[in-house]
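What follows is the content of query_34.cif (mmCIF, C-alpha atoms and all ligand atoms).
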data_input
#
loop_
_atom_site.group_PDB
_atom_site.id
_atom_site.type_symbol
_atom_site.label_atom_id
_atom_site.label_comp_id
_atom_site.auth_asym_id
_atom_site.auth_seq_id
_atom_site.Cartn_x
_atom_site.Cartn_y
_atom_site.Cartn_z
ATOM 1 C CA MET B 1 96.907 120.921 123.994
ATOM 2 C CA ASN B 2 94.289 119.259 121.787
ATOM 3 C CA ASN B 3 91.965 117.607 124.299
ATOM 4 C CA ASN B 4 89.470 116.506 121.681
ATOM 5 C CA ILE B 5 91.572 113.501 120.684
ATOM 6 C CA LEU B 6 93.050 110.721 122.825
ATOM 7 C CA ILE B 7 95.512 108.275 121.270
ATOM 8 C CA THR B 8 95.733 104.851 122.918
ATOM 9 C CA TYR B 9 97.967 101.968 121.942
ATOM 10 C CA LYS B 10 99.057 98.444 122.736
ATOM 11 C CA SER B 11 102.669 97.698 121.841
ATOM 12 C CA ALA B 12 104.965 94.740 122.484
ATOM 13 C CA THR B 13 108.246 95.765 120.823
ATOM 14 C CA GLY B 14 107.833 99.546 120.495
ATOM 15 C CA PHE B 15 106.804 100.208 116.879
ATOM 16 C CA THR B 16 103.181 101.017 117.696
ATOM 17 C CA ARG B 17 104.153 103.138 120.710
ATOM 18 C CA GLU B 18 106.555 105.134 118.512
ATOM 19 C CA TYR B 19 103.866 105.741 115.866
ATOM 20 C CA ALA B 20 101.323 106.683 118.575
ATOM 21 C CA GLU B 21 103.758 109.126 120.211
ATOM 22 C CA ALA B 22 104.698 110.677 116.858
ATOM 23 C CA ALA B 23 100.990 111.149 116.022
ATOM 24 C CA ALA B 24 100.298 112.674 119.448
ATOM 25 C CA ALA B 25 103.255 115.064 119.110
ATOM 26 C CA SER B 26 102.086 116.143 115.675
ATOM 27 C CA LEU B 27 98.468 116.700 116.787
ATOM 28 C CA GLY B 28 99.346 118.068 120.227
ATOM 29 C CA CYS B 29 97.041 115.565 121.923
ATOM 30 C CA PRO B 30 97.572 113.098 124.785
ATOM 31 C CA CYS B 31 98.711 109.522 124.234
ATOM 32 C CA ALA B 32 98.528 106.564 126.642
ATOM 33 C CA GLU B 33 98.744 102.787 126.836
ATOM 34 C CA LEU B 34 95.311 101.219 126.343
ATOM 35 C CA SER B 35 95.524 99.187 129.557
ATOM 36 C CA GLY B 36 95.827 102.347 131.685
ATOM 37 C CA VAL B 37 92.887 104.273 130.197
ATOM 38 C CA SER B 38 89.423 104.387 131.779
ATOM 39 C CA PRO B 39 86.244 105.476 129.927
ATOM 40 C CA ARG B 40 86.047 108.837 131.719
ATOM 41 C CA GLN B 41 89.528 109.767 130.446
ATOM 42 C CA VAL B 42 88.249 109.553 126.861
ATOM 43 C CA PRO B 43 87.142 113.010 125.631
ATOM 44 C CA ALA B 44 83.322 113.280 125.587
ATOM 45 C CA GLY B 45 82.218 114.178 122.064
ATOM 46 C CA GLY B 46 85.802 113.670 120.873
ATOM 47 C CA ILE B 47 87.845 111.053 119.023
ATOM 48 C CA LEU B 48 89.415 107.904 120.442
ATOM 49 C CA VAL B 49 92.342 106.572 118.396
ATOM 50 C CA PHE B 50 93.559 103.031 118.988
ATOM 51 C CA GLY B 51 96.735 101.500 117.510
ATOM 52 C CA ALA B 52 98.222 98.012 117.881
ATOM 53 C CA ARG B 53 100.312 95.400 116.132
ATOM 54 C CA LEU B 54 98.980 92.679 113.890
ATOM 55 C CA HIS B 55 99.483 89.301 115.517
ATOM 56 C CA ALA B 56 98.818 86.321 113.249
ATOM 57 C CA GLY B 57 96.386 88.477 111.299
ATOM 58 C CA LYS B 58 94.547 89.863 114.331
ATOM 59 C CA LEU B 59 94.693 93.398 115.684
ATOM 60 C CA ASP B 60 96.042 92.935 119.211
ATOM 61 C CA GLY B 61 93.771 94.391 121.919
ATOM 62 C CA LEU B 62 90.921 95.378 119.584
ATOM 63 C CA LYS B 63 88.281 93.817 121.845
ATOM 64 C CA ARG B 64 89.437 95.881 124.815
ATOM 65 C CA ALA B 65 89.638 99.043 122.699
ATOM 66 C CA LEU B 66 86.077 98.517 121.429
ATOM 67 C CA SER B 67 84.825 98.024 124.948
ATOM 68 C CA LEU B 68 86.581 101.222 126.084
ATOM 69 C CA TYR B 69 85.075 103.105 123.149
ATOM 70 C CA ARG B 70 81.567 101.766 123.783
ATOM 71 C CA SER B 71 81.646 102.656 127.453
ATOM 72 C CA SER B 72 83.050 106.145 126.757
ATOM 73 C CA GLN B 73 81.288 109.196 125.367
ATOM 74 C CA ALA B 74 83.587 109.603 122.368
ATOM 75 C CA ARG B 75 81.780 110.277 119.100
ATOM 76 C CA ARG B 76 84.336 108.522 116.888
ATOM 77 C CA LEU B 77 86.794 105.644 116.917
ATOM 78 C CA VAL B 78 89.801 105.540 114.573
ATOM 79 C CA VAL B 79 92.122 102.523 114.474
ATOM 80 C CA PHE B 80 95.567 101.845 113.087
ATOM 81 C CA ALA B 81 97.517 98.598 112.759
ATOM 82 C CA THR B 82 101.281 98.162 112.548
ATOM 83 C CA GLY B 83 102.846 95.100 110.970
ATOM 84 C CA ALA B 84 105.753 93.363 109.311
ATOM 85 C CA SER B 85 104.184 93.611 105.884
ATOM 86 C CA PRO B 86 105.472 96.336 103.532
ATOM 87 C CA ALA B 87 103.164 98.933 101.960
ATOM 88 C CA GLY B 88 101.466 98.284 98.649
ATOM 89 C CA PHE B 89 99.671 94.989 99.230
ATOM 90 C CA GLU B 90 96.168 96.452 99.128
ATOM 91 C CA ASP B 91 94.384 93.094 98.755
ATOM 92 C CA VAL B 92 96.137 91.677 101.830
ATOM 93 C CA GLU B 93 95.290 94.834 103.815
ATOM 94 C CA ARG B 94 91.649 94.818 102.712
ATOM 95 C CA GLU B 95 91.181 91.189 103.742
ATOM 96 C CA MET B 96 92.890 91.849 107.086
ATOM 97 C CA TRP B 97 90.554 94.782 107.838
ATOM 98 C CA GLU B 98 87.478 92.788 106.781
ATOM 99 C CA ASN B 99 88.480 89.976 109.141
ATOM 100 C CA ASN B 100 89.245 92.275 112.063
ATOM 101 C CA LEU B 101 86.468 94.846 111.834
ATOM 102 C CA GLY B 102 83.639 92.929 110.210
ATOM 103 C CA PRO B 103 81.076 94.558 107.896
ATOM 104 C CA GLU B 104 79.556 96.948 110.423
ATOM 105 C CA LEU B 105 82.744 98.561 111.786
ATOM 106 C CA LEU B 106 84.436 98.496 108.381
ATOM 107 C CA GLY B 107 82.111 101.239 107.192
ATOM 108 C CA SER B 108 82.027 103.339 110.367
ATOM 109 C CA VAL B 109 85.569 103.141 111.803
ATOM 110 C CA PRO B 110 88.329 104.810 109.764
ATOM 111 C CA HIS B 111 91.303 102.413 109.689
ATOM 112 C CA PHE B 112 94.934 102.672 108.599
ATOM 113 C CA TYR B 113 97.777 100.197 108.105
ATOM 114 C CA LEU B 114 101.308 101.407 108.987
ATOM 115 C CA PRO B 115 104.291 99.273 107.889
ATOM 116 C CA ALA B 116 106.691 98.794 110.828
ATOM 117 C CA GLY B 117 109.005 95.740 110.877
ATOM 118 C CA LEU B 118 110.217 93.117 113.328
ATOM 119 C CA ARG B 119 112.327 93.415 116.477
ATOM 120 C CA TYR B 120 113.436 89.921 117.500
ATOM 121 C CA GLU B 121 115.623 91.297 120.331
ATOM 122 C CA SER B 122 112.553 92.796 122.078
ATOM 123 C CA MET B 123 110.130 89.898 121.491
ATOM 124 C CA GLY B 124 108.993 87.478 124.182
ATOM 125 C CA LEU B 125 109.809 83.795 123.907
ATOM 126 C CA GLY B 126 106.323 82.838 122.666
ATOM 127 C CA ASP B 127 106.487 85.369 119.826
ATOM 128 C CA ARG B 128 109.996 84.278 118.807
ATOM 129 C CA MET B 129 108.790 80.666 118.664
ATOM 130 C CA MET B 130 105.764 81.649 116.576
ATOM 131 C CA MET B 131 108.045 83.506 114.149
ATOM 132 C CA ARG B 132 110.330 80.478 113.885
ATOM 133 C CA ALA B 133 107.324 78.266 113.103
ATOM 134 C CA LEU B 134 106.152 80.804 110.506
ATOM 135 C CA GLN B 135 109.606 80.853 108.884
ATOM 136 C CA SER B 136 109.683 77.075 108.455
ATOM 137 C CA PHE B 137 106.050 77.026 107.247
ATOM 138 C CA MET B 138 106.932 79.658 104.618
ATOM 139 C CA ARG B 139 109.986 77.696 103.470
ATOM 140 C CA ARG B 140 107.879 74.589 102.870
ATOM 141 C CA LYS B 141 104.845 76.298 101.362
ATOM 142 C CA LYS B 142 104.310 75.765 97.639
ATOM 143 C CA ASP B 143 102.810 78.285 95.191
ATOM 144 C CA LYS B 144 103.670 81.340 97.253
ATOM 145 C CA THR B 145 102.043 84.668 96.424
ATOM 146 C CA GLU B 146 104.232 87.732 95.750
ATOM 147 C CA HIS B 147 103.359 88.942 99.266
ATOM 148 C CA GLU B 148 104.449 85.641 100.860
ATOM 149 C CA LEU B 149 107.701 85.582 98.865
ATOM 150 C CA GLN B 150 108.529 89.105 99.990
ATOM 151 C CA LEU B 151 107.710 88.381 103.649
ATOM 152 C CA GLN B 152 109.755 85.168 103.569
ATOM 153 C CA ARG B 153 112.807 87.155 102.426
ATOM 154 C CA MET B 154 112.281 89.769 105.144
ATOM 155 C CA ILE B 155 111.369 87.880 108.311
ATOM 156 C CA SER B 156 114.595 85.946 108.926
ATOM 157 C CA ALA B 157 116.078 88.887 110.899
ATOM 158 C CA SER B 158 114.996 92.176 112.506
ATOM 159 C CA TYR B 159 114.190 95.102 110.242
ATOM 160 C CA ASP B 160 112.587 98.539 110.479
ATOM 161 C CA ILE B 161 110.521 99.881 107.579
ATOM 162 C CA SER B 162 108.552 102.349 109.729
ATOM 163 C CA SER B 163 108.400 105.953 108.547
ATOM 164 C CA PRO B 164 106.544 109.073 109.734
ATOM 165 C CA GLU B 165 105.152 109.502 106.202
ATOM 166 C CA TYR B 166 102.852 106.484 106.757
ATOM 167 C CA LEU B 167 101.073 108.454 109.497
ATOM 168 C CA GLU B 168 100.086 111.293 107.195
ATOM 169 C CA PRO B 169 96.714 109.986 105.877
ATOM 170 C CA MET B 170 95.489 109.370 109.437
ATOM 171 C CA LEU B 171 96.829 112.710 110.683
ATOM 172 C CA ALA B 172 95.115 114.530 107.814
ATOM 173 C CA LEU B 173 91.793 112.953 108.769
ATOM 174 C CA LEU B 174 92.246 113.773 112.457
ATOM 175 C CA ARG B 175 93.308 117.362 111.713
ATOM 176 C CA ALA B 176 90.170 117.775 109.630
ATOM 177 C CA GLY B 177 88.215 116.779 112.759
ATOM 178 C CA ILE B 178 86.337 114.048 110.823
HETATM 179 C C1 LIG B 201 103.980 86.109 116.425
HETATM 180 C C2 LIG B 201 103.874 87.295 115.522
HETATM 181 C C3 LIG B 201 102.865 87.369 114.575
HETATM 182 C C4 LIG B 201 102.787 88.452 113.704
HETATM 183 N N1 LIG B 201 101.789 88.485 112.752
HETATM 184 C C5 LIG B 201 101.773 89.503 111.849
HETATM 185 C C6 LIG B 201 100.772 89.545 110.833
HETATM 186 O O1 LIG B 201 99.866 88.713 110.766
HETATM 187 N N2 LIG B 201 100.826 90.566 109.929
HETATM 188 C C7 LIG B 201 101.810 91.525 109.969
HETATM 189 O O2 LIG B 201 101.842 92.409 109.099
HETATM 190 N N3 LIG B 201 102.742 91.527 110.952
HETATM 191 C C8 LIG B 201 102.740 90.551 111.888
HETATM 192 N N4 LIG B 201 103.667 90.556 112.891
HETATM 193 C C9 LIG B 201 104.617 91.676 113.000
HETATM 194 C C10 LIG B 201 104.169 92.711 114.050
HETATM 195 O O3 LIG B 201 102.830 93.091 113.814
HETATM 196 C C11 LIG B 201 105.078 93.945 113.965
HETATM 197 O O4 LIG B 201 106.366 93.593 114.366
HETATM 198 C C12 LIG B 201 104.508 95.088 114.803
HETATM 199 O O5 LIG B 201 104.916 96.306 114.258
HETATM 200 C C13 LIG B 201 104.943 95.016 116.248
HETATM 201 O O6 LIG B 201 104.390 96.108 116.932
HETATM 202 P P1 LIG B 201 104.906 96.523 118.373
HETATM 203 O O7 LIG B 201 106.404 96.779 118.211
HETATM 204 O O8 LIG B 201 104.160 97.732 118.716
HETATM 205 O O9 LIG B 201 104.648 95.362 119.277
HETATM 206 C C14 LIG B 201 103.756 89.499 113.793
HETATM 207 C C15 LIG B 201 104.746 89.436 114.779
HETATM 208 C C16 LIG B 201 104.810 88.367 115.644
HETATM 209 C C17 LIG B 201 105.905 88.320 116.668
#
File written out as structure tokens:
Amino acid sequence: MNNNILITYKSATGFTREYAEAAAASLGCPCAELSGVSPRQVPAGGILVFGARLHAGKLDGLKRALSLYRSSQARRLVVFATGASPAGFEDVEREMWENNLGPELLGSVPHFYLPAGLRYESMGLGDRMMMRALQSFMRRKKDKTEHELQLQRMISASYDISSPEYLEPMLALLRAGI
């Protein structure tokens, strides 16, 4: 067991949990839901990994994860985000990380985006309503970017574009012990 790394996650429809569990299995380290982890469970001198979905551009649970990290004795925080957006939209990803991490964390917290998908059947009512509002907003929007056009085509029904290969850059960094 690799007790130098703890993977925590917040997941509503399962994509982030699946990525977190796959990463933990590959690294041989423990993995737990963020809400159940206390600072003394985080390995002292080790690495805390936090993963969550993007929700209207924001990384869900980041505030709580930062507070856990700051009250723990971990030496490093690594974060990953899962989302509906496909890979390859570097500008969109960069802006999202700038907005979520801000200038200070951007340089000190390694961060990774993992394409996942949408699971309407597992979403709560509020999320389904937000997605419906987003769909009609996208239909009406003029001058759509390539990213918006692609998302508009995808988000009308559930889909799964997650793949273990997207985990590799983060796993490589964690295996190297950063
Ligand atoms: C209301 C709502 C807002 C979302 N906003 C974004 C977003 O801004 N960017 C994105 O890439 N995906 C967005 N998504 C998609 C989720 O991030 C994606 O389904 C994620 O993988 C879900 O993770 P989970 O299954 O662990 O909850 C949104 C989904 C919902 C329901």
| request: Tell me which protein, DNA and RNA residues are within 9 Å of range 117-123 of chain B, counting all atoms listed in the file, leaving out same-chain ones fewer than 5 positions away, and put them as a list in words. | output: Ala12, Thr13, Gly14, Phe15, Thr82, Gly83, Ala84, Ser85, Pro86, Arg128, Met154, Ile155, Ala157, Ser158, Tyr159, Asp160, Ile161 and Ser162 of chain B
| Can you list, as a PyMOL selection string, every protein, DNA or RNA residue that comes within 12 Å of Gly107 in chain B when you count all atoms listed in the file, leaving out same-chain residues fewer than 6 positions away? | chain B and resi 77-78+97-98+101
| message | As an exercise, work out the distance from CA of Tyr113 in chain B to CA of Phe80 in chain B in Å and give it to one decimal place. | response |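 CA of Phe80 in chain B lies at a distance of 5.7 Å from CA of Tyr113 in chain B.
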| request: Translate the PyMOL selection byres (((chain B and resi 147) around 12) and not hetatm), as applied to the file shown, into an explicit residue set as number ranges by chain. | output: B: 84-93, 138, 143-146, 148-154
Around all the atoms of ligand LIG 201 (chain B) listed in the file, draw an axis-aligned box and extend it by 8 Å on each of the six sides; I want its centre and edge lengths in Å to one decimal, as lines of an AutoDock Vina configuration file.
center_x = 103.1
center_y = 91.9
center_z = 114.2
size_x = 22.5
size_y = 27.6
size_z = 26.2
| note | Taken to one decimal, the CA of Asn99 in chain B-CA of Lys141 in chain B distance is 22.7 Å
| What's the 8 Å shell around Gln73 in chain B, counting all atoms listed in the file, without same-chain residues fewer than 2 positions away, as a list of chain:residue names? | B:Pro39, B:Arg40, B:Val42, B:Pro43, B:Ala44, B:Gly45, B:Gly46, B:Tyr69, B:Arg70, B:Ser71, B:Arg75
| message | Calculated over all atoms listed in the file, which of the candidates B:Ala56, B:Met129, B:Ala176, B:Val109 has the smallest distance to ligand LIG 201 (chain B)? | response |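 When distances to ligand LIG 201 (chain B) are compared using all atoms listed in the file, the smallest one comes from B:Ala56.
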